[in-house]
Structures are given as C-alpha cells and as structure tokens.
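One file, my_file26.cif, is given below (mmCIF, C-alpha atoms).
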data_upload
#
loop_
_atom_site.group_PDB
_atom_site.id
_atom_site.type_symbol
_atom_site.label_atom_id
_atom_site.label_comp_id
_atom_site.auth_asym_id
_atom_site.auth_seq_id
_atom_site.Cartn_x
_atom_site.Cartn_y
_atom_site.Cartn_z
ATOM 1 C CA MET A 358 258.691 -186.790 -16.599
ATOM 2 C CA LYS A 359 254.982 -186.167 -16.174
ATOM 3 C CA THR A 360 255.621 -184.046 -13.087
ATOM 4 C CA THR A 361 258.112 -181.956 -15.002
ATOM 5 C CA TYR A 362 255.594 -181.451 -17.831
ATOM 6 C CA ILE A 363 252.939 -180.309 -15.367
ATOM 7 C CA LYS A 364 255.358 -177.830 -13.809
ATOM 8 C CA LEU A 365 256.270 -176.435 -17.196
ATOM 9 C CA SER A 366 252.588 -176.080 -18.116
ATOM 10 C CA LEU A 367 251.809 -174.246 -14.863
ATOM 11 C CA SER A 368 254.774 -171.930 -15.432
ATOM 12 C CA ALA A 369 253.611 -171.140 -18.963
ATOM 13 C CA VAL A 370 250.070 -170.382 -17.744
ATOM 14 C CA LEU A 371 251.434 -168.133 -14.986
ATOM 15 C CA LEU A 372 253.705 -166.251 -17.403
ATOM 16 C CA LEU A 373 250.841 -165.863 -19.856
ATOM 17 C CA GLY A 374 248.608 -164.412 -17.102
ATOM 18 C CA ILE A 375 251.304 -161.971 -16.033
ATOM 19 C CA TYR A 376 251.848 -160.900 -19.649
ATOM 20 C CA SER A 377 248.104 -160.394 -20.133
ATOM 21 C CA CYS A 378 247.894 -158.236 -17.008
ATOM 22 C CA LYS A 379 250.847 -156.137 -18.118
ATOM 23 C CA LYS A 380 249.362 -155.769 -21.586
ATOM 24 C CA GLY A 381 246.080 -154.628 -20.050
ATOM 25 C CA GLU A 382 247.916 -152.087 -17.934
ATOM 26 C CA VAL A 383 249.799 -150.782 -20.989
ATOM 27 C CA ALA A 384 246.578 -150.517 -22.959
ATOM 28 C CA GLU A 385 244.913 -148.597 -20.115
ATOM 29 C CA THR A 386 247.920 -146.282 -19.866
ATOM 30 C CA ASP A 387 247.820 -145.596 -23.616
ATOM 31 C CA LEU A 388 244.090 -144.891 -23.432
ATOM 32 C CA ASN A 389 244.551 -142.450 -20.575
ATOM 33 C CA ALA A 390 247.372 -140.753 -22.460
ATOM 34 C CA TYR A 391 245.183 -140.493 -25.560
ATOM 35 C CA ALA A 392 242.347 -139.050 -23.520
ATOM 36 C CA THR A 393 244.700 -136.537 -21.952
ATOM 37 C CA THR A 394 246.061 -135.578 -25.355
ATOM 38 C CA ASP A 395 242.561 -135.205 -26.758
ATOM 39 C CA SER A 396 241.531 -133.065 -23.798
ATOM 40 C CA ALA A 397 244.606 -130.898 -24.212
ATOM 41 C CA SER A 398 243.817 -130.497 -27.891
ATOM 42 C CA ALA A 399 240.295 -129.379 -27.018
ATOM 43 C CA ILE A 400 241.654 -126.799 -24.598
ATOM 44 C CA VAL A 401 244.100 -125.485 -27.169
ATOM 45 C CA SER A 402 241.421 -125.254 -29.838
ATOM 46 C CA ASP A 403 239.239 -123.181 -27.510
ATOM 47 C CA SER A 404 242.037 -121.007 -26.189
ATOM 48 C CA ILE A 405 243.229 -117.649 -27.439
ATOM 49 C CA SER A 406 245.567 -117.542 -30.417
ATOM 50 C CA SER A 407 249.245 -117.881 -29.559
ATOM 51 C CA VAL A 408 249.834 -114.586 -31.385
ATOM 52 C CA ALA A 409 248.560 -112.773 -28.297
ATOM 53 C CA ASP A 410 251.350 -114.193 -26.102
ATOM 54 C CA MET A 411 253.981 -114.625 -28.804
ATOM 55 C CA LYS A 412 257.564 -113.763 -27.856
ATOM 56 C CA VAL A 413 260.534 -114.053 -30.203
ATOM 57 C CA LYS A 414 264.118 -113.447 -29.178
ATOM 58 C CA ASP A 415 265.522 -110.133 -30.445
ATOM 59 C CA LYS A 416 262.125 -109.164 -31.891
ATOM 60 C CA GLN A 417 259.697 -106.414 -30.882
ATOM 61 C CA PHE A 418 255.986 -106.567 -31.792
ATOM 62 C CA ILE A 419 253.154 -104.065 -31.653
ATOM 63 C CA LYS A 420 250.059 -106.163 -31.013
ATOM 64 C CA THR A 421 246.484 -105.238 -31.800
ATOM 65 C CA ALA A 422 243.215 -107.176 -31.795
ATOM 66 C CA ASP A 423 239.702 -106.820 -33.173
ATOM 67 C CA VAL A 424 236.768 -108.757 -31.705
ATOM 68 C CA SER A 425 233.159 -108.895 -32.934
ATOM 69 C CA MET A 426 230.650 -111.067 -31.083
ATOM 70 C CA GLU A 427 227.061 -111.441 -29.948
ATOM 71 C CA VAL A 428 226.238 -111.398 -26.239
ATOM 72 C CA LYS A 429 223.163 -112.004 -24.120
ATOM 73 C CA ASP A 430 223.137 -108.546 -22.557
ATOM 74 C CA VAL A 431 225.240 -105.711 -24.013
ATOM 75 C CA TYR A 432 225.145 -103.592 -20.857
ATOM 76 C CA ASN A 433 226.238 -106.396 -18.530
ATOM 77 C CA ALA A 434 228.908 -107.527 -21.003
ATOM 78 C CA THR A 435 230.223 -103.956 -21.205
ATOM 79 C CA ILE A 436 230.481 -103.714 -17.420
ATOM 80 C CA ALA A 437 232.263 -107.099 -17.258
ATOM 81 C CA ILE A 438 234.767 -106.149 -19.970
ATOM 82 C CA GLU A 439 235.513 -102.769 -18.396
ATOM 83 C CA LYS A 440 236.054 -104.471 -15.040
ATOM 84 C CA SER A 441 238.449 -107.014 -16.585
ATOM 85 C CA VAL A 442 240.382 -104.236 -18.320
ATOM 86 C CA GLN A 443 240.773 -102.351 -15.059
ATOM 87 C CA GLU A 444 241.852 -105.450 -13.128
ATOM 88 C CA LEU A 445 244.552 -106.220 -15.725
ATOM 89 C CA GLY A 446 245.998 -102.713 -15.558
ATOM 90 C CA GLY A 447 244.465 -101.357 -18.758
ATOM 91 C CA PHE A 448 242.066 -98.534 -19.539
ATOM 92 C CA VAL A 449 239.098 -97.802 -21.809
ATOM 93 C CA THR A 450 239.659 -95.149 -24.476
ATOM 94 C CA ASN A 451 236.188 -95.307 -26.045
ATOM 95 C CA SER A 452 232.835 -96.901 -25.216
ATOM 96 C CA ASN A 453 229.747 -96.078 -27.288
ATOM 97 C CA LEU A 454 226.763 -98.057 -25.989
ATOM 98 C CA GLN A 455 223.495 -97.313 -27.769
ATOM 99 C CA SER A 456 220.067 -98.770 -28.491
ATOM 100 C CA ASN A 457 218.864 -98.710 -32.084
ATOM 101 C CA VAL A 458 215.056 -98.379 -32.187
ATOM 102 C CA ILE A 459 213.598 -100.622 -34.908
ATOM 103 C CA SER A 460 209.937 -99.682 -34.401
ATOM 104 C CA GLU A 461 207.863 -97.538 -32.049
ATOM 105 C CA ASP A 462 204.072 -97.741 -31.534
ATOM 106 C CA THR A 463 201.636 -96.257 -29.002
ATOM 107 C CA TYR A 464 198.533 -98.160 -27.854
ATOM 108 C CA ASN A 465 195.785 -96.409 -25.841
ATOM 109 C CA THR A 466 194.763 -98.341 -22.727
ATOM 110 C CA SER A 467 192.268 -95.799 -21.294
ATOM 111 C CA ASN A 468 191.103 -92.212 -21.790
ATOM 112 C CA GLU A 469 194.089 -90.959 -19.800
ATOM 113 C CA GLU A 470 196.776 -93.630 -20.237
ATOM 114 C CA ALA A 471 198.597 -95.353 -23.093
ATOM 115 C CA MET A 472 201.501 -97.779 -23.572
ATOM 116 C CA LEU A 473 204.518 -96.955 -25.730
ATOM 117 C CA ILE A 474 206.063 -100.110 -27.229
ATOM 118 C CA LYS A 475 209.642 -99.855 -28.490
ATOM 119 C CA LYS A 476 211.459 -102.645 -30.293
ATOM 120 C CA TYR A 477 215.189 -102.061 -30.191
ATOM 121 C CA GLN A 478 218.599 -103.700 -30.427
ATOM 122 C CA SER A 479 221.550 -102.734 -28.220
ATOM 123 C CA GLU A 480 225.170 -102.598 -29.324
ATOM 124 C CA ASN A 481 228.464 -101.170 -28.159
ATOM 125 C CA ARG A 482 231.716 -100.267 -29.883
ATOM 126 C CA MET A 483 234.645 -100.138 -27.494
ATOM 127 C CA GLN A 484 238.352 -99.515 -27.710
ATOM 128 C CA VAL A 485 240.598 -100.508 -24.818
ATOM 129 C CA ARG A 486 244.330 -100.426 -24.116
ATOM 130 C CA ILE A 487 245.872 -103.286 -22.167
ATOM 131 C CA PRO A 488 249.458 -104.097 -21.128
ATOM 132 C CA THR A 489 250.825 -106.236 -23.967
ATOM 133 C CA GLU A 490 251.737 -109.113 -21.663
ATOM 134 C CA LYS A 491 248.081 -109.234 -20.487
ATOM 135 C CA LEU A 492 246.569 -109.304 -23.992
ATOM 136 C CA GLY A 493 245.869 -113.034 -23.959
ATOM 137 C CA GLU A 494 244.222 -112.862 -20.515
ATOM 138 C CA LEU A 495 241.907 -110.054 -21.591
ATOM 139 C CA LEU A 496 240.920 -111.816 -24.801
ATOM 140 C CA THR A 497 240.057 -114.889 -22.719
ATOM 141 C CA ALA A 498 237.947 -112.732 -20.381
ATOM 142 C CA ILE A 499 236.166 -111.108 -23.341
ATOM 143 C CA ASN A 500 235.550 -114.514 -24.909
ATOM 144 C CA SER A 501 233.751 -115.703 -21.754
ATOM 145 C CA ASN A 502 230.911 -113.219 -22.419
ATOM 146 C CA LYS A 503 230.075 -114.416 -25.926
ATOM 147 C CA LEU A 504 226.999 -116.186 -27.239
ATOM 148 C CA PHE A 505 228.442 -116.300 -30.725
ATOM 149 C CA LEU A 506 231.829 -115.153 -32.010
ATOM 150 C CA ASN A 507 231.473 -113.386 -35.351
ATOM 151 C CA SER A 508 235.158 -112.667 -35.853
ATOM 152 C CA ARG A 509 238.410 -112.182 -33.994
ATOM 153 C CA SER A 510 241.668 -110.997 -35.484
ATOM 154 C CA ILE A 511 244.990 -110.587 -33.700
ATOM 155 C CA ASN A 512 247.873 -108.788 -35.347
ATOM 156 C CA ALA A 513 251.531 -108.661 -34.312
ATOM 157 C CA GLU A 514 253.510 -106.115 -36.284
ATOM 158 C CA ASP A 515 257.271 -106.597 -36.232
ATOM 159 C CA VAL A 516 258.771 -103.162 -35.515
ATOM 160 C CA THR A 517 262.301 -104.270 -34.675
ATOM 161 C CA ALA A 518 263.719 -102.544 -37.740
ATOM 162 C CA ASN A 519 261.651 -99.420 -37.022
ATOM 163 C CA ILE A 520 263.111 -99.192 -33.522
ATOM 164 C CA LYS A 521 266.643 -99.530 -34.868
ATOM 165 C CA TYR A 522 265.950 -96.898 -37.507
ATOM 166 C CA SER A 523 264.559 -94.568 -34.829
ATOM 167 C CA GLU A 524 267.761 -94.974 -32.809
ATOM 168 C CA LEU A 525 269.887 -94.195 -35.855
ATOM 169 C CA GLU A 526 267.796 -91.143 -36.662
ATOM 170 C CA GLY A 527 268.215 -89.928 -33.101
ATOM 171 C CA LYS A 528 271.982 -90.230 -33.367
ATOM 172 C CA ARG A 529 271.952 -88.473 -36.732
ATOM 173 C CA ASN A 530 269.887 -85.627 -35.318
ATOM 174 C CA GLN A 531 272.276 -85.260 -32.396
ATOM 175 C CA LYS A 532 275.291 -85.232 -34.711
ATOM 176 C CA THR A 533 273.631 -82.612 -36.912
ATOM 177 C CA SER A 534 273.014 -80.482 -33.834
ATOM 178 C CA GLU A 535 276.708 -80.694 -32.896
ATOM 179 C CA ASN A 536 277.759 -79.684 -36.405
ATOM 180 C CA ILE A 537 275.382 -76.718 -36.386
ATOM 181 C CA ASN A 538 276.815 -75.532 -33.076
ATOM 182 C CA LYS A 539 280.251 -75.348 -34.697
ATOM 183 C CA LEU A 540 279.027 -72.909 -37.323
ATOM 184 C CA LYS A 541 279.383 -69.190 -37.019
ATOM 185 C CA THR A 542 276.320 -67.566 -35.539
ATOM 186 C CA ASN A 543 274.198 -65.939 -38.213
ATOM 187 C CA LYS A 544 270.703 -66.028 -39.648
ATOM 188 C CA ASP A 545 271.289 -69.313 -41.500
ATOM 189 C CA LYS A 546 272.551 -71.022 -38.345
ATOM 190 C CA VAL A 547 269.431 -69.994 -36.443
ATOM 191 C CA THR A 548 267.243 -71.409 -39.227
ATOM 192 C CA LEU A 549 269.182 -74.691 -39.380
ATOM 193 C CA ASP A 550 269.108 -75.040 -35.610
ATOM 194 C CA ASP A 551 265.353 -74.425 -35.521
ATOM 195 C CA GLU A 552 264.679 -76.965 -38.273
ATOM 196 C CA ASN A 553 266.922 -79.551 -36.620
ATOM 197 C CA MET A 554 265.193 -79.038 -33.266
ATOM 198 C CA SER A 555 261.766 -79.413 -34.886
ATOM 199 C CA GLU A 556 262.887 -82.636 -36.577
ATOM 200 C CA GLY A 557 264.257 -83.882 -33.275
ATOM 201 C CA ASN A 558 260.965 -83.188 -31.514
ATOM 202 C CA LEU A 559 259.038 -85.109 -34.168
ATOM 203 C CA GLN A 560 261.484 -87.994 -33.804
ATOM 204 C CA LYS A 561 261.011 -88.009 -30.025
ATOM 205 C CA LEU A 562 257.233 -87.970 -30.457
ATOM 206 C CA ALA A 563 257.381 -90.926 -32.853
ATOM 207 C CA SER A 564 259.608 -92.827 -30.406
ATOM 208 C CA MET A 565 257.229 -92.100 -27.526
ATOM 209 C CA ASN A 566 254.234 -93.320 -29.541
ATOM 210 C CA MET A 567 256.054 -96.504 -30.547
ATOM 211 C CA THR A 568 257.126 -97.136 -26.954
ATOM 212 C CA ASP A 569 253.539 -96.682 -25.818
ATOM 213 C CA ASP A 570 252.233 -99.035 -28.538
ATOM 214 C CA LEU A 571 254.800 -101.649 -27.511
ATOM 215 C CA LYS A 572 253.787 -101.365 -23.856
ATOM 216 C CA TYR A 573 250.012 -101.282 -24.425
ATOM 217 C CA SER A 574 248.062 -103.271 -27.002
ATOM 218 C CA THR A 575 244.917 -101.834 -28.558
ATOM 219 C CA ILE A 576 241.744 -103.915 -28.783
ATOM 220 C CA ASP A 577 238.665 -102.847 -30.769
ATOM 221 C CA ILE A 578 235.531 -104.593 -29.506
ATOM 222 C CA TYR A 579 232.076 -104.728 -31.075
ATOM 223 C CA ILE A 580 229.283 -106.456 -29.158
ATOM 224 C CA LYS A 581 225.573 -106.669 -29.921
ATOM 225 C CA GLU A 582 222.485 -108.628 -28.920
ATOM 226 C CA PRO A 583 221.260 -111.185 -31.476
ATOM 227 C CA GLN A 584 217.555 -110.555 -30.878
ATOM 228 C CA LEU A 585 215.338 -107.513 -30.488
ATOM 229 C CA ARG A 586 214.340 -106.288 -27.057
ATOM 230 C CA ILE A 587 210.941 -104.808 -26.205
ATOM 231 C CA ALA A 588 210.439 -101.849 -23.871
ATOM 232 C CA GLU A 589 206.979 -101.076 -22.459
ATOM 233 C CA ILE A 590 206.715 -97.457 -21.300
ATOM 234 C CA ALA A 591 203.581 -95.987 -19.692
ATOM 235 C CA VAL A 592 202.695 -92.612 -21.251
ATOM 236 C CA ALA A 593 199.711 -90.244 -21.417
ATOM 237 C CA ASN A 594 196.909 -90.771 -23.933
ATOM 238 C CA THR A 595 197.614 -87.727 -26.106
ATOM 239 C CA THR A 596 194.792 -88.522 -28.528
ATOM 240 C CA SER A 597 192.184 -88.150 -25.782
ATOM 241 C CA ILE A 598 193.748 -84.894 -24.620
ATOM 242 C CA ASP A 599 193.842 -83.522 -28.170
ATOM 243 C CA ASN A 600 190.166 -84.383 -28.681
ATOM 244 C CA LYS A 601 189.296 -82.722 -25.376
ATOM 245 C CA TYR A 602 190.704 -79.363 -26.406
ATOM 246 C CA LYS A 603 190.382 -79.631 -30.165
ATOM 247 C CA TYR A 604 187.067 -77.596 -30.379
ATOM 248 C CA ASN A 605 185.411 -75.142 -27.928
ATOM 249 C CA PHE A 606 182.233 -73.521 -29.293
ATOM 250 C CA ILE A 607 181.913 -70.629 -26.842
ATOM 251 C CA TYR A 608 185.562 -69.623 -27.178
ATOM 252 C CA ASP A 609 185.581 -70.038 -30.966
ATOM 253 C CA ALA A 610 182.311 -68.023 -31.328
ATOM 254 C CA LYS A 611 183.702 -65.218 -29.189
ATOM 255 C CA ASP A 612 186.972 -65.302 -31.101
ATOM 256 C CA GLY A 613 185.059 -65.208 -34.423
ATOM 257 C CA PHE A 614 183.017 -62.151 -33.318
ATOM 258 C CA VAL A 615 186.164 -60.297 -32.258
ATOM 259 C CA TYR A 616 187.905 -61.235 -35.490
ATOM 260 C CA GLY A 617 184.919 -59.971 -37.551
ATOM 261 C CA PHE A 618 184.869 -56.659 -35.651
ATOM 262 C CA TYR A 619 188.572 -56.099 -36.330
ATOM 263 C CA LEU A 620 188.061 -57.163 -39.959
ATOM 264 C CA ILE A 621 185.489 -54.378 -40.452
ATOM 265 C CA GLN A 622 187.957 -51.886 -39.010
ATOM 266 C CA ARG A 623 190.660 -53.092 -41.389
ATOM 267 C CA ILE A 624 188.301 -52.730 -44.378
ATOM 268 C CA ILE A 625 187.375 -49.167 -43.388
ATOM 269 C CA VAL A 626 191.011 -48.232 -42.929
ATOM 270 C CA ALA A 627 191.834 -49.784 -46.321
ATOM 271 C CA LEU A 628 189.066 -47.714 -48.014
ATOM 272 C CA ILE A 629 190.357 -44.552 -46.355
ATOM 273 C CA ASN A 630 193.834 -45.307 -47.700
ATOM 274 C CA ILE A 631 192.507 -45.444 -51.285
ATOM 275 C CA TRP A 632 190.080 -42.449 -51.045
ATOM 276 C CA PRO A 633 191.620 -40.685 -54.086
ATOM 277 C CA ILE A 634 190.857 -43.679 -56.263
ATOM 278 C CA LEU A 635 187.341 -43.867 -54.894
ATOM 279 C CA LEU A 636 186.814 -40.143 -55.509
ATOM 280 C CA ILE A 637 187.972 -40.397 -59.131
ATOM 281 C CA ALA A 638 185.770 -43.453 -59.686
ATOM 282 C CA ALA A 639 182.738 -41.612 -58.245
ATOM 283 C CA ALA A 640 183.359 -38.579 -60.473
ATOM 284 C CA LEU A 641 183.581 -40.758 -63.581
ATOM 285 C CA ILE A 642 180.342 -42.520 -62.723
ATOM 286 C CA TYR A 643 178.609 -39.146 -62.119
ATOM 287 C CA PHE A 644 179.709 -37.649 -65.469
ATOM 288 C CA LEU A 645 178.839 -40.791 -67.421
ATOM 289 C CA ARG A 646 175.346 -40.878 -65.976
ATOM 290 C CA LYS A 647 174.817 -37.122 -66.567
ATOM 291 C CA ARG A 648 175.925 -37.447 -70.181
ATOM 292 C CA LYS A 649 173.543 -40.320 -70.759
ATOM 293 C CA ILE A 650 170.612 -38.346 -69.359
ATOM 294 C CA SER A 651 171.363 -35.185 -71.387
ATOM 295 C CA LYS A 652 171.766 -37.064 -74.685
ATOM 296 C CA PRO A 653 168.378 -36.965 -76.637
ATOM 297 C CA ASP A 654 166.867 -40.111 -77.925
ATOM 298 C CA GLN A 655 167.260 -40.479 -81.684
ATOM 299 C CA PRO A 656 163.950 -40.958 -83.594
ATOM 300 C CA LYS A 657 163.390 -44.292 -85.190
ATOM 301 C CA ILE A 658 163.324 -44.284 -89.058
ATOM 302 C CA GLN A 659 160.077 -45.527 -90.468
ATOM 303 C CA GLN A 660 160.295 -47.816 -93.412
#
How does the structure come out when it is put into structure tokens?
Amino acid sequence: MKTTYIKLSLSAVLLLGIYSCKKGEVAETDLNAYATTDSASAIVSDSISSVADMKVKDKQFIKTADVSMEVKDVYNATIAIEKSVQELGGFVTNSNLQSNVISEDTYNTSNEEAMLIKKYQSENRMQVRIPTEKLGELLTAINSNKLFLNSRSINAEDVTANIKYSELEGKRNQKTSENINKLKTNKDKVTLDDENMSEGNLQKLASMNMTDDLKYSTIDIYIKEPQLRIAEIAVANTTSIDNKYKYNFIYDAKDGFVYGFYLIQRIIVALINIWPILLIAAALIYFLRKRKISKPDQPKIQQ
C-alpha cells in the first residue's frame, strides 16, 4: 500500500513538472507572438498610408500626394529624390530650389579685403510624376530624407464613373458623326460636321489626360531646412577704395579752373543774347541822369 502511494506521488510530481514546462513554453510562445505583433504594428504605423497602394475591384483611382517636410540639406535631399524618381520610372516636372537671404552684412578685414556674411535658408518646391503602382515606394523614399514631417496628404479620386461617361460620350459622338454623314451635303452639314469633329477632339483630349493621370500619379513636394545657414564670402573692401578716390586736389583744382573759364564764356554769350535789353536799360539810365542834372534846384522858402 505504501509502495503504491509513493508511486502515485512520484507520478503526480512528474505530471506537474511536465505541465509546468509546457505552460512555460506556451507563455514564451505568447510573449514572442505579442512582441512580433507589436513590432508589426510599429512598422505599419511608420509606413506609408495604404491609400498609396490601394486597389479595389472594378474601381479606377487617380492618385495624388502632397508632402511638406524639413530636411538636413535641401540640395542633397533634392538630388536623392530626383534619383529615386528616375529609378522608379518617373520624371520631374518642376524643381525650384532657392536660397532666401535673411540678412547680409559686410565686415572689413583689411584695407583691401572684406568678408560678406549672408544668413539664408534654402527650400525647394518640386512636382514629380511617378507610375501609380510605384507611388508608395516613392513616398517611402521621400520619407527617408526627413528630419521632421510637417504634413503629408494622399488623395485617391474615384473616376470609374467618369471613365464610363467618357466611353458613352465617345459612342454618342461617333453615332452623331454617322447621322451627319447621311445628310445631304450643304452648308449646314459642313457646320455640323465641323462642330462634331471639334467636340470629338476635345473628348479624345480629355480621355488622354485621364489615361495619363491614371498611369502616373502627381506628387507635390516642399522641403526646407529648419535652421539658417551662414555663407562667408571674401570680397574687396569697397570703403577703402571709395576713400582712395573720393577726393583729388590737383584734379579738382584743374577741373574748377576749367569750369570757371567756361562759365565766364557762358555769361558773356548770355549778355550778348540780351543786348537789346541792355541797350534800352543804358538809354533809360542816361536820360534819367541828364534830366536830373538839367533840373534847377528850387530855392528854399525862408520863414
């Protein structure tokens, strides 16, 4: 009886140990699964929006995106983005990289040299076209250049109904053309045919643009540097040069003498031009003086 009890006890302990080991294994498996799930969630939260790669059966979408972010170096980021666009089969339609000067000061370092200090901030506005199926990859590549993401919007416009309407309009235009051809040739038929052809061309142009927008997505990108940059440019000391040639006594004295000589000539010429006035004035003065001399002095009345 005692032997049987001991055997049962040993069996219970063994089963308990096995159960504990299994429980530990299950707990470790759950933990690993949780960690994997958490890691996957982190990846998803840092990935590009699913709108970029969204596909819906029997639906057609025109996709566009707008990205605004701050980068360490605008020029290097621009080169990297343009390279990514090219590698993914896209192309750049606009790139406007510029440096906005905040302040500009010149400091003289010697009589001949000076240092021009510019504080500026670089930015670039870009527009690129990328195959729609590569939109998500390009957005990921753009995102890798960021220091701080200001905003990012992705838009998928459902144009399924527009495509169907375009097809119907094409058929209508073709039917109208057939009906016009059945009419008797006259001036009105020529006008109707011309108007129908013009409408058909516009319809074809709209279809081509929509096809292009479906094939290539448009992305507007704005990147800038968060802090000001400083450029130190060696220039000439213009103040010293200005002072050097600002005043020359010998030249200025000679120039003043010549100017005075020509001024006298101008005065003489001006007097010659008004000689009639001078002659009249001289005659008046002569007669006034002569009259004063010939007029006798009146005697004073004694009181």
Between CA of Lys539 (chain A) and CA of Asn553 (chain A), what is the distance in Å, rounded to a tenth?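 Spanning CA of Lys539 (chain A) to CA of Asn553 (chain A) is a straight-line distance of 14.1 Å.
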In Å, with one decimal, what is the gap from CA of Ala409 (chain A) to CA of Lys572 (chain A)? 13.3 Å
Option closest in space to Asn512 (chain A), from A:Met472, A:Val424, A:Ala639, A:Ala593 [counting all atoms listed in the file]: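 Counting all atoms listed in the file, the residue closest to Asn512 (chain A) is A:Val424.
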Could you tell me which residues the PyMOL selection byres ((chain A and resi 455) around 6) returns for this structure, as a list in words?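 For this structure, the PyMOL selection byres ((chain A and resi 455) around 6) captures Leu454, Ser456, Ser479 and Glu480 of chain A.
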Taking 2 positions as the minimum chain separation for residues in the same chain, which residues sit within 8 Å of region 532-538 of chain A when counting only C-alpha atoms? Answer as a PyMOL selection string. chain A and resi 528-530+540-541+546+549-550+553-554
With only C-alpha atoms as the basis for distance, which of A:Ile580, A:Ile598, A:Ile474, A:Ile650 is at the shortest distance from Leu506 (chain A)?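 Between A:Ile580, A:Ile598, A:Ile474, A:Ile650, the residue approaching Leu506 (chain A) most closely is A:Ile580.
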Dump C-alpha atoms of region 531-593 of chain A from the given block, as a PDB file, in the first residue's frame.
ATOM      1  CA  GLN A 531     -19.469  58.530 -83.293  1.00  0.00           C
ATOM      2  CA  LYS A 532     -23.204  57.996 -83.759  1.00  0.00           C
ATOM      3  CA  THR A 533     -23.703  61.717 -84.369  1.00  0.00           C
ATOM      4  CA  SER A 534     -20.969  61.609 -86.996  1.00  0.00           C
ATOM      5  CA  GLU A 535     -22.734  58.728 -88.773  1.00  0.00           C
ATOM      6  CA  ASN A 536     -26.037  60.607 -88.750  1.00  0.00           C
ATOM      7  CA  ILE A 537     -24.399  63.734 -90.159  1.00  0.00           C
ATOM      8  CA  ASN A 538     -22.872  61.714 -92.988  1.00  0.00           C
ATOM      9  CA  LYS A 539     -26.367  60.631 -94.024  1.00  0.00           C
ATOM     10  CA  LEU A 540     -27.476  64.218 -94.516  1.00  0.00           C
ATOM     11  CA  LYS A 541     -27.437  65.960 -97.833  1.00  0.00           C
ATOM     12  CA  THR A 542     -24.271  67.928 -98.390  1.00  0.00           C
ATOM     13  CA  ASN A 543     -24.828  71.623 -97.808  1.00  0.00           C
ATOM     14  CA  LYS A 544     -23.570  74.485 -95.684  1.00  0.00           C
ATOM     15  CA  ASP A 545     -25.385  73.276 -92.552  1.00  0.00           C
ATOM     16  CA  LYS A 546     -23.897  69.790 -92.874  1.00  0.00           C
ATOM     17  CA  VAL A 547     -20.386  71.219 -93.074  1.00  0.00           C
ATOM     18  CA  THR A 548     -21.022  73.276 -89.927  1.00  0.00           C
ATOM     19  CA  LEU A 549     -22.473  70.307 -88.018  1.00  0.00           C
ATOM     20  CA  ASP A 550     -19.617  68.070 -89.105  1.00  0.00           C
ATOM     21  CA  ASP A 551     -17.040  70.650 -88.015  1.00  0.00           C
ATOM     22  CA  GLU A 552     -18.677  71.127 -84.613  1.00  0.00           C
ATOM     23  CA  ASN A 553     -18.974  67.375 -84.080  1.00  0.00           C
ATOM     24  CA  MET A 554     -15.315  66.865 -85.002  1.00  0.00           C
ATOM     25  CA  SER A 555     -14.243  69.624 -82.605  1.00  0.00           C
ATOM     26  CA  GLU A 556     -16.294  68.035 -79.815  1.00  0.00           C
ATOM     27  CA  GLY A 557     -14.762  64.668 -80.619  1.00  0.00           C
ATOM     28  CA  ASN A 558     -11.247  66.088 -80.417  1.00  0.00           C
ATOM     29  CA  LEU A 559     -11.966  67.625 -77.017  1.00  0.00           C
ATOM     30  CA  GLN A 560     -13.364  64.291 -75.846  1.00  0.00           C
ATOM     31  CA  LYS A 561     -10.232  62.481 -77.037  1.00  0.00           C
ATOM     32  CA  LEU A 562      -8.036  65.034 -75.270  1.00  0.00           C
ATOM     33  CA  ALA A 563      -9.960  64.578 -72.016  1.00  0.00           C
ATOM     34  CA  SER A 564      -9.646  60.789 -72.334  1.00  0.00           C
ATOM     35  CA  MET A 565      -5.903  61.057 -72.973  1.00  0.00           C
ATOM     36  CA  ASN A 566      -5.426  63.289 -69.922  1.00  0.00           C
ATOM     37  CA  MET A 567      -7.431  60.920 -67.724  1.00  0.00           C
ATOM     38  CA  THR A 568      -5.476  57.924 -69.011  1.00  0.00           C
ATOM     39  CA  ASP A 569      -2.232  59.731 -68.252  1.00  0.00           C
ATOM     40  CA  ASP A 570      -3.422  60.681 -64.741  1.00  0.00           C
ATOM     41  CA  LEU A 571      -4.401  57.063 -64.092  1.00  0.00           C
ATOM     42  CA  LYS A 572      -0.997  55.820 -65.248  1.00  0.00           C
ATOM     43  CA  TYR A 573       1.095  58.471 -63.468  1.00  0.00           C
ATOM     44  CA  SER A 574       0.446  59.941 -60.029  1.00  0.00           C
ATOM     45  CA  THR A 575       1.402  63.529 -59.265  1.00  0.00           C
ATOM     46  CA  ILE A 576       3.321  64.389 -56.098  1.00  0.00           C
ATOM     47  CA  ASP A 577       3.907  67.965 -54.899  1.00  0.00           C
ATOM     48  CA  ILE A 578       6.913  68.170 -52.579  1.00  0.00           C
ATOM     49  CA  TYR A 579       8.044  71.056 -50.385  1.00  0.00           C
ATOM     50  CA  ILE A 580      11.312  70.702 -48.471  1.00  0.00           C
ATOM     51  CA  LYS A 581      13.212  73.252 -46.403  1.00  0.00           C
ATOM     52  CA  GLU A 582      15.990  73.452 -43.831  1.00  0.00           C
ATOM     53  CA  PRO A 583      14.867  74.146 -40.249  1.00  0.00           C
ATOM     54  CA  GLN A 584      17.790  76.423 -39.382  1.00  0.00           C
ATOM     55  CA  LEU A 585      19.599  79.291 -41.063  1.00  0.00           C
ATOM     56  CA  ARG A 586      22.838  78.701 -42.914  1.00  0.00           C
ATOM     57  CA  ILE A 587      25.758  81.139 -42.972  1.00  0.00           C
ATOM     58  CA  ALA A 588      27.873  81.845 -46.052  1.00  0.00           C
ATOM     59  CA  GLU A 589      31.241  83.605 -45.713  1.00  0.00           C
ATOM     60  CA  ILE A 590      32.330  85.194 -48.999  1.00  0.00           C
ATOM     61  CA  ALA A 591      35.637  87.047 -49.446  1.00  0.00           C
ATOM     62  CA  VAL A 592      35.110  90.375 -51.249  1.00  0.00           C
ATOM     63  CA  ALA A 593      37.006  93.630 -51.836  1.00  0.00           C
TER      64      ALA A 593
END
